[in-house]
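K.L.:
Quick one: the structure is below, and I'll ask about it shortly.
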Amino acid sequence: FAWAFYSLVLPMNIVVVILYWALDYEPGETTITFVVLALHAGTCLLVLIDGNLISAIPIRLKHIVFVESMAVLLVIWTVINDLTGIGDGQWPGEDSDQNNADDALYSVLDWSDNPTRAAIISVIVIFVVIPVVFLLCWMLSLWSCCLKCDGSRRQIYQEDEDRKADSHEDEEEGEYDGDMRAVASWKTRNN
């Protein structure tokens, strides 16, 4: 379950960050606050660090089905949300009219005023952006297996098996001199 969930969260988070800064952010009009940075950069960075460096969660190519399904569901929800007038909630400074263009979940996906633009963006994101981002995440997942921070690459001190067997034979024959020095070799846990 964690693999599939991570395979969904990382690419979608990266896509949201890319789309926000490329399409929704308006320099000069949008104030960059802590909340904006946390939502559209910070969470992506934390997920990337946790999944690739700390936990080394693998991403499988077959998990792209989850990402594409979620993207289609999100597009369907933006259509329902916009056409039914649900709006984006009451935020400080927002007008009282809940059925105008500023109430779309994403301004670029305004299905009631510009459905052609919204459809083109949705198709490009679903069939181009998400597969490319997913493949990049998959390649990063392959590379991150070498960067695990879980201690599996630590060197472990182990007694050499041949020397251990010789010292036990000496003890049985009475030739043990009390000075048991083990020949040690550094071996990684993976050997």
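Naming works like this for the structure tokens: A, B, ... for the chains as they're shown, residue 1 at the start of each chain, ligands 1 onward in shown order.
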Write out as JSON, numbers by chain which residues come within 8 Å of A:Ala4 when counting only C-alpha atoms, dropping same-chain ones fewer than 6 positions away.

P.N.:
{"A": [59, 63, 66]}

K.L.:
What is the distance, in Å and to one decimal place, between atom CA of A:Leu83 and atom CA of A:Ser122?

P.N.:
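Going from atom CA of A:Leu83 over to atom CA of A:Ser122, I get 16.0 Å.
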
K.L.:
Ranking A:Leu10, A:Leu73, A:Val123, A:Leu37 by minimum distance to A:Ile57 and counting only C-alpha atoms, which one comes first?

P.N.:
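Nearest candidate to A:Ile57 out of A:Leu10, A:Leu73, A:Val123, A:Leu37: A:Leu10.
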
K.L.:
For a quick check of understanding, using only C-alpha atoms, which of A:Leu140, A:Ala2, A:Leu53, A:Ile80 has the smallest distance to A:Ser112?

P.N.:
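Smallest separation from A:Ser112 among the options: A:Ile80.
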
K.L.:
Could you pull the residues within 10 Å of A:Tyr20, counting only C-alpha atoms, minus those fewer than 2 positions along the same chain, as a list in words?

P.N.:
Ile14, Val15, Val16, Val17, Ile18, Ala22, Leu23, Asp24, Tyr25, Glu26, Val36, Leu39, His40, Ala41, Tyr106 and Val108 of chain A

K.L.:
Would you save the residues from that selection as a CSV table (one decimal), in the first residue's frame, using C-alpha atoms?

P.N.:
chain,number,residue,atom,x,y,z
A,14,ILE,CA,5.5,17.6,-8.5
A,15,VAL,CA,2.8,18.2,-11.1
A,16,VAL,CA,0.9,20.5,-8.8
A,17,VAL,CA,4.1,22.5,-8.0
A,18,ILE,CA,4.9,22.8,-11.7
A,22,ALA,CA,3.9,27.9,-14.5
A,23,LEU,CA,0.1,28.6,-14.9
A,24,ASP,CA,-1.5,29.9,-11.7
A,25,TYR,CA,1.1,32.2,-10.1
A,26,GLU,CA,1.0,35.8,-11.3
A,36,VAL,CA,2.1,29.5,-0.6
A,39,LEU,CA,1.8,24.2,-0.3
A,40,HIS,CA,3.6,24.6,-3.6
A,41,ALA,CA,7.2,23.7,-2.8
A,106,TYR,CA,-7.7,26.6,-10.4
A,108,VAL,CA,-6.7,27.9,-15.6

K.L.:
Calculated over only C-alpha atoms, which of the candidates A:Ala56, A:Val47, A:Val35, A:Leu61 has the smallest distance to A:Leu136?

P.N.:
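With only C-alpha atoms as the atom set, the closest residue is A:Leu61.
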
K.L.:
Which residues are near A:Ala71? Cut-off 12 Å, only C-alpha atoms, ignore same chain within fewer than 6 positions. Put them as an NGL selection string.

P.N.:
:A and (8-9 or 11-13 or 15-16 or 64-65 or 77-78 or 122-131)

K.L.:
Using only C-alpha atoms, find the one residue out of A:Val67, A:Leu19, A:Ile49, A:Ala118 that sits nearest to A:Val79.

P.N.:
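Closest to A:Val79, using only C-alpha atoms: A:Ala118.
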
K.L.:
With distances taken over only C-alpha atoms, which residue among A:Ala119, A:Asp113, A:Ile32, A:Gly42 lies nearest A:Val72?

P.N.:
A:Ala119
